[in-house]
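Below is work-v4.cif, holding mmCIF, C-alpha atoms.
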data_structure
loop_
_atom_site.group_PDB
_atom_site.id
_atom_site.type_symbol
_atom_site.label_atom_id
_atom_site.label_comp_id
_atom_site.auth_asym_id
_atom_site.auth_seq_id
_atom_site.Cartn_x
_atom_site.Cartn_y
_atom_site.Cartn_z
ATOM 1 C CA LEU Q 55 61.744 94.739 -43.949
ATOM 2 C CA SER Q 56 58.539 93.734 -45.578
ATOM 3 C CA ARG Q 57 55.144 95.006 -46.561
ATOM 4 C CA VAL Q 58 53.140 96.010 -43.493
ATOM 5 C CA ASP Q 59 50.074 93.786 -43.580
ATOM 6 C CA VAL Q 60 47.914 92.072 -40.965
ATOM 7 C CA LYS Q 61 49.233 88.673 -42.063
ATOM 8 C CA LYS Q 62 52.818 89.657 -41.190
ATOM 9 C CA GLY Q 63 52.092 89.332 -37.452
ATOM 10 C CA LEU Q 64 53.590 92.653 -36.436
ATOM 11 C CA ASP Q 65 51.072 92.874 -33.594
ATOM 12 C CA LEU Q 66 52.636 89.678 -32.191
ATOM 13 C CA LEU Q 67 56.145 91.057 -32.643
ATOM 14 C CA ILE Q 68 55.290 94.320 -30.876
ATOM 15 C CA ALA Q 69 53.669 92.412 -27.987
ATOM 16 C CA ALA Q 70 56.692 90.078 -27.750
ATOM 17 C CA PHE Q 71 59.075 93.033 -27.821
ATOM 18 C CA ALA Q 72 57.141 94.618 -24.952
ATOM 19 C CA LEU Q 73 57.767 91.483 -22.881
ATOM 20 C CA ILE Q 74 61.559 91.733 -23.230
ATOM 21 C CA ALA Q 75 62.176 95.468 -23.673
ATOM 22 C CA ALA Q 76 62.703 96.242 -19.985
ATOM 23 C CA LYS Q 77 65.423 93.579 -19.701
ATOM 24 C CA HIS Q 78 67.210 94.847 -22.806
ATOM 25 C CA ALA Q 79 67.425 98.628 -22.530
ATOM 26 C CA ASP Q 80 69.676 98.919 -25.594
ATOM 27 C CA LEU Q 81 67.431 96.824 -27.856
ATOM 28 C CA ARG Q 82 65.376 98.535 -30.574
ATOM 29 C CA LEU Q 83 62.742 97.218 -32.896
ATOM 30 C CA ILE Q 84 63.011 98.584 -36.431
ATOM 31 C CA ILE Q 85 59.972 98.115 -38.649
ATOM 32 C CA CYS Q 86 60.591 98.805 -42.325
ATOM 33 C CA GLY Q 87 57.742 98.857 -44.786
ATOM 34 C CA GLU Q 88 54.588 100.628 -45.799
ATOM 35 C CA GLY Q 89 51.027 99.448 -45.727
ATOM 36 C CA ASP Q 90 47.473 100.394 -44.889
ATOM 37 C CA PRO Q 91 47.583 103.691 -42.941
ATOM 38 C CA MET Q 92 44.881 102.447 -40.556
ATOM 39 C CA LEU Q 93 46.886 99.323 -39.748
ATOM 40 C CA LEU Q 94 50.047 101.359 -39.216
ATOM 41 C CA ALA Q 95 48.137 103.704 -36.897
ATOM 42 C CA ALA Q 96 46.781 100.716 -34.933
ATOM 43 C CA LEU Q 97 50.264 99.212 -34.611
ATOM 44 C CA ARG Q 98 51.706 102.545 -33.453
ATOM 45 C CA GLN Q 99 48.883 102.823 -30.937
ATOM 46 C CA GLN Q 100 49.618 99.299 -29.681
ATOM 47 C CA ALA Q 101 53.275 100.232 -29.251
ATOM 48 C CA GLU Q 102 52.381 103.392 -27.357
ATOM 49 C CA VAL Q 103 49.956 101.566 -25.034
ATOM 50 C CA LEU Q 104 52.692 99.014 -24.294
ATOM 51 C CA GLY Q 105 55.164 101.791 -23.455
ATOM 52 C CA LEU Q 106 57.334 101.255 -26.515
ATOM 53 C CA LYS Q 107 56.894 104.558 -28.316
ATOM 54 C CA GLY Q 108 60.573 105.506 -28.090
ATOM 55 C CA ARG Q 109 61.849 101.961 -28.612
ATOM 56 C CA ILE Q 110 60.427 101.295 -32.072
ATOM 57 C CA THR Q 111 61.617 102.981 -35.244
ATOM 58 C CA TRP Q 112 59.061 103.121 -38.052
ATOM 59 C CA ALA Q 113 61.393 103.443 -41.015
ATOM 60 C CA GLY Q 114 58.816 103.260 -43.798
ATOM 61 C CA GLN Q 115 59.636 101.608 -47.095
ATOM 62 C CA VAL Q 116 63.334 100.977 -47.655
ATOM 63 C CA SER Q 117 64.867 99.749 -50.886
ATOM 64 C CA GLY Q 118 68.147 99.521 -52.726
ATOM 65 C CA GLU Q 119 71.208 100.582 -50.739
ATOM 66 C CA MET Q 120 69.081 101.471 -47.706
ATOM 67 C CA ARG Q 121 67.595 97.974 -47.649
ATOM 68 C CA LEU Q 122 71.072 96.435 -47.726
ATOM 69 C CA ALA Q 123 72.171 98.826 -44.971
ATOM 70 C CA ALA Q 124 69.161 97.851 -42.855
ATOM 71 C CA PHE Q 125 70.071 94.178 -43.137
ATOM 72 C CA ALA Q 126 73.715 94.961 -42.336
ATOM 73 C CA ALA Q 127 72.761 96.941 -39.235
ATOM 74 C CA ALA Q 128 70.329 94.369 -37.848
ATOM 75 C CA GLU Q 129 71.203 91.869 -35.149
ATOM 76 C CA MET Q 130 68.408 89.509 -36.166
ATOM 77 C CA PHE Q 131 65.341 89.315 -38.399
ATOM 78 C CA VAL Q 132 61.922 88.291 -37.092
ATOM 79 C CA LEU Q 133 59.004 87.442 -39.394
ATOM 80 C CA PRO Q 134 56.097 86.169 -37.242
ATOM 81 C CA SER Q 135 53.686 85.848 -40.162
ATOM 82 C CA HIS Q 136 50.296 84.224 -39.958
ATOM 83 C CA SER Q 137 50.599 83.081 -43.585
ATOM 84 C CA GLU Q 138 53.339 83.231 -46.234
ATOM 85 C CA ASN Q 139 53.404 81.001 -49.276
ATOM 86 C CA PHE Q 140 57.167 81.560 -49.477
ATOM 87 C CA GLY Q 141 58.753 84.452 -47.551
ATOM 88 C CA ILE Q 142 60.952 86.594 -49.797
ATOM 89 C CA ALA Q 143 61.907 89.021 -47.019
ATOM 90 C CA LEU Q 144 63.013 86.045 -44.932
ATOM 91 C CA LEU Q 145 65.159 84.759 -47.796
ATOM 92 C CA GLU Q 146 66.744 88.192 -48.195
ATOM 93 C CA ALA Q 147 67.563 88.264 -44.473
ATOM 94 C CA MET Q 148 69.025 84.765 -44.687
ATOM 95 C CA ALA Q 149 71.134 85.741 -47.709
ATOM 96 C CA ALA Q 150 72.402 88.715 -45.699
ATOM 97 C CA GLY Q 151 73.515 86.256 -43.015
ATOM 98 C CA LEU Q 152 71.077 87.348 -40.346
ATOM 99 C CA PRO Q 153 69.952 84.909 -37.691
ATOM 100 C CA CYS Q 154 66.204 84.622 -38.277
ATOM 101 C CA ILE Q 155 63.102 83.767 -36.299
ATOM 102 C CA SER Q 156 59.832 82.987 -38.038
ATOM 103 C CA THR Q 157 56.734 80.827 -37.667
ATOM 104 C CA ASP Q 158 55.603 77.535 -39.111
ATOM 105 C CA GLN Q 159 53.192 79.537 -41.272
ATOM 106 C CA VAL Q 160 56.062 80.690 -43.519
ATOM 107 C CA ALA Q 161 56.874 77.992 -46.082
ATOM 108 C CA LEU Q 162 60.545 78.910 -46.397
ATOM 109 C CA ALA Q 163 60.975 78.986 -42.611
ATOM 110 C CA VAL Q 164 59.710 75.429 -42.276
ATOM 111 C CA ASP Q 165 62.215 74.194 -44.854
ATOM 112 C CA ALA Q 166 65.052 76.314 -43.450
ATOM 113 C CA ALA Q 167 64.414 75.141 -39.882
ATOM 114 C CA ARG Q 168 65.346 71.599 -40.918
ATOM 115 C CA VAL Q 169 68.937 72.667 -41.637
ATOM 116 C CA PRO Q 170 68.651 74.533 -39.079
ATOM 117 C CA ALA Q 171 68.931 77.990 -40.634
ATOM 118 C CA VAL Q 172 65.846 79.572 -38.996
ATOM 119 C CA VAL Q 173 64.335 79.328 -35.525
ATOM 120 C CA ILE Q 174 60.623 78.510 -35.560
ATOM 121 C CA ALA Q 175 58.547 80.188 -32.837
ATOM 122 C CA LYS Q 176 54.881 79.814 -32.018
ATOM 123 C CA GLN Q 177 52.510 82.620 -32.968
ATOM 124 C CA ASP Q 178 52.210 83.651 -29.369
ATOM 125 C CA PRO Q 179 53.888 86.752 -27.864
ATOM 126 C CA PRO Q 180 55.414 84.954 -24.845
ATOM 127 C CA ARG Q 181 56.887 82.187 -27.010
ATOM 128 C CA LEU Q 182 58.081 84.641 -29.634
ATOM 129 C CA ALA Q 183 59.685 86.734 -26.869
ATOM 130 C CA GLN Q 184 61.345 83.594 -25.497
ATOM 131 C CA ALA Q 185 62.790 82.752 -28.928
ATOM 132 C CA ILE Q 186 64.138 86.281 -29.310
ATOM 133 C CA GLU Q 187 65.693 86.238 -25.827
ATOM 134 C CA GLU Q 188 67.291 82.841 -26.366
ATOM 135 C CA LEU Q 189 68.824 84.036 -29.601
ATOM 136 C CA LEU Q 190 70.025 87.271 -28.007
ATOM 137 C CA ALA Q 191 71.651 85.258 -25.221
ATOM 138 C CA SER Q 192 73.603 82.921 -27.501
ATOM 139 C CA GLU Q 193 76.279 84.355 -29.753
ATOM 140 C CA THR Q 194 77.107 80.790 -30.788
ATOM 141 C CA GLN Q 195 73.548 80.072 -31.938
ATOM 142 C CA ARG Q 196 73.376 83.402 -33.798
ATOM 143 C CA GLN Q 197 76.607 82.574 -35.623
ATOM 144 C CA GLN Q 198 75.467 79.042 -36.463
ATOM 145 C CA LEU Q 199 72.137 80.313 -37.797
ATOM 146 C CA SER Q 200 73.876 83.051 -39.748
ATOM 147 C CA HIS Q 201 76.240 80.632 -41.478
ATOM 148 C CA ALA Q 202 73.523 78.069 -42.175
ATOM 149 C CA ALA Q 203 71.117 80.722 -43.477
ATOM 150 C CA ARG Q 204 73.671 82.252 -45.836
ATOM 151 C CA ARG Q 205 74.705 78.803 -47.097
ATOM 152 C CA LEU Q 206 71.103 77.675 -47.665
ATOM 153 C CA ALA Q 207 70.240 80.900 -49.487
ATOM 154 C CA ARG Q 208 73.290 80.532 -51.741
ATOM 155 C CA GLU Q 209 73.060 76.789 -52.380
ATOM 156 C CA ASP Q 210 69.299 76.420 -52.823
ATOM 157 C CA TYR Q 211 67.861 79.840 -53.690
ATOM 158 C CA SER Q 212 70.494 81.850 -55.568
ATOM 159 C CA LEU Q 213 69.913 82.651 -59.230
ATOM 160 C CA GLU Q 214 72.484 80.002 -60.127
ATOM 161 C CA ALA Q 215 70.825 77.343 -57.952
ATOM 162 C CA MET Q 216 67.352 78.167 -59.250
ATOM 163 C CA GLY Q 217 68.658 78.129 -62.823
ATOM 164 C CA ARG Q 218 70.200 74.673 -62.319
ATOM 165 C CA GLY Q 219 66.938 73.405 -60.844
ATOM 166 C CA LEU Q 220 64.891 74.805 -63.711
ATOM 167 C CA HIS Q 221 67.332 73.315 -66.218
ATOM 168 C CA ARG Q 222 66.985 69.874 -64.569
ATOM 169 C CA LEU Q 223 63.197 70.198 -64.665
ATOM 170 C CA TYR Q 224 63.255 71.036 -68.389
ATOM 171 C CA GLN Q 225 65.610 68.123 -69.031
ATOM 172 C CA ASP Q 226 63.290 65.763 -67.168
ATOM 173 C CA VAL Q 227 60.262 67.023 -69.080
ATOM 174 C CA THR Q 228 61.914 66.841 -72.495
ATOM 175 C CA HIS Q 229 63.358 63.371 -71.829
ATOM 176 C CA GLY Q 230 60.098 61.981 -70.531
ATOM 177 C CA SER Q 231 61.230 61.539 -66.924
ATOM 178 C CA ILE Q 232 58.157 63.456 -65.806
ATOM 179 C CA SER Q 233 54.857 62.241 -67.083
ATOM 180 C CA SER Q 234 51.817 64.408 -67.525
ATOM 181 C CA THR Q 235 48.232 63.340 -67.232
ATOM 182 C CA SER Q 236 45.165 64.799 -68.796
ATOM 183 C CA GLU Q 237 41.561 64.202 -68.118
#
Please lay out the structure from this file as structure tokens.
Amino acid sequence: LSRVDVKKGLDLLIAAFALIAAKHADLRLIICGEGDPMLLAALRQQAEVLGLKGRITWAGQVSGEMRLAAFAAAEMFVLPSHSENFGIALLEAMAAGLPCISTDQVALAVDAARVPAVVIAKQDPPRLAQAIEELLASETQRQQLSHAARRLAREDYSLEAMGRGLHRLYQDVTHGSISSTSE
């Protein structure tokens, strides 16, 4: 549920999915998003070579009600990005109460893992596959992550929480609590 881009690590996710697909016959990978047609073709080719052609749904761009429905239908959200300065799609998944797996290259994931509201996996297909399998195997962990993710999204990243934080920042600036320097 994100833009399809090389930095999103979908090649890692497809390779990890291939490692666990045989053990989980009912598991499907749903990839939502649009991107460079050549990249999409390469990812589809990778999936076909790995024997996953019928196990991956390429949903294209989803928005609005369909985006909410995609989150509601998902069992977990995996964002194995190589680089994310924040991770909006991850925050949306957390707000939807999905147990999430990401990498230490996603700024939000690093912060959320401290709670813990997100599982951090290495950018390596076997380790990513292991994280997915461990989460699939533990209903308790999925529920704990779900609750923590939803709470963190609401308490720290909702419009109300961000508004309070911005208000405090303005108060600090106007009352001289924050000093500025110039050269």
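Taking CA of Ile155 in chain Q and CA of Gln99 in chain Q as endpoints, the distance between them is 24.4 Å.
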For this session: Carefully work through the PyMOL selection byres ((chain Q and resi 193-208) around 8) for this structure and note down the residues it includes, as a list in words.
Result: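 Checking the PyMOL selection byres ((chain Q and resi 193-208) around 8) against this file, the residues are Leu145, Met148, Ala149, Ala150, Gly151, Leu152, Pro153, Cys154, Ala166, Val169, Pro170, Ala171, Val172, Leu189, Leu190, Ala191, Ser192, Glu209, Asp210, Tyr211, Ser212 and Ala215 of chain Q.
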Exercise. CA of Phe71 in chain Q and CA of Leu83 in chain Q, how far apart in Å?
Worked result: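 Pair CA of Leu83 in chain Q / CA of Phe71 in chain Q returns 7.5 Å.
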For this session: For CA of Gly141 in chain Q and CA of Gln159 in chain Q, determine how far apart the two atoms are, in Å to one decimal place.
Result: 9.7 Å
For this session: I would like the residues chosen by the PyMOL selection byres ((chain Q and resi 128) around 10) on the shown file; could you give them as a ChimeraX atom specification?
Result: /Q:82-84,123-127,129-131,147,150,152-153
For this session: Report as a PyMOL selection string the residues that result from applying the PyMOL selection byres ((chain Q and resi 138) around 9) to the structure here.
Result: chain Q and resi 61-62+135-137+139-141+159-162
For this session: Find the residues near Cys86 in chain Q: any atom within 10 Å, counting all atoms listed in the file, skip ones fewer than 5 places away on the same chain, and give them as a ChimeraX atom specification.
Result: /Q:55-58,111-117,121,124
For this session: Measuring atom to atom with all atoms listed in the file, identify which of Q:Gly105, Q:Ala79, Q:Gly87, Q:Glu119 is nearest to Leu64 in chain Q.
Result: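 Smallest distance to Leu64 in chain Q is found for Q:Gly87.
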Exercise. Pick from Q:Gly63, Q:Pro134, Q:Pro91, Q:Gly118: nearest to Thr157 in chain Q, with only C-alpha atoms counted?
Worked result: Q:Pro134
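Nearest residue to Val164 in chain Q among Q:Ile68, Q:Leu220, Q:Ala183, Q:Leu144 is Q:Leu144, counting only C-alpha atoms.
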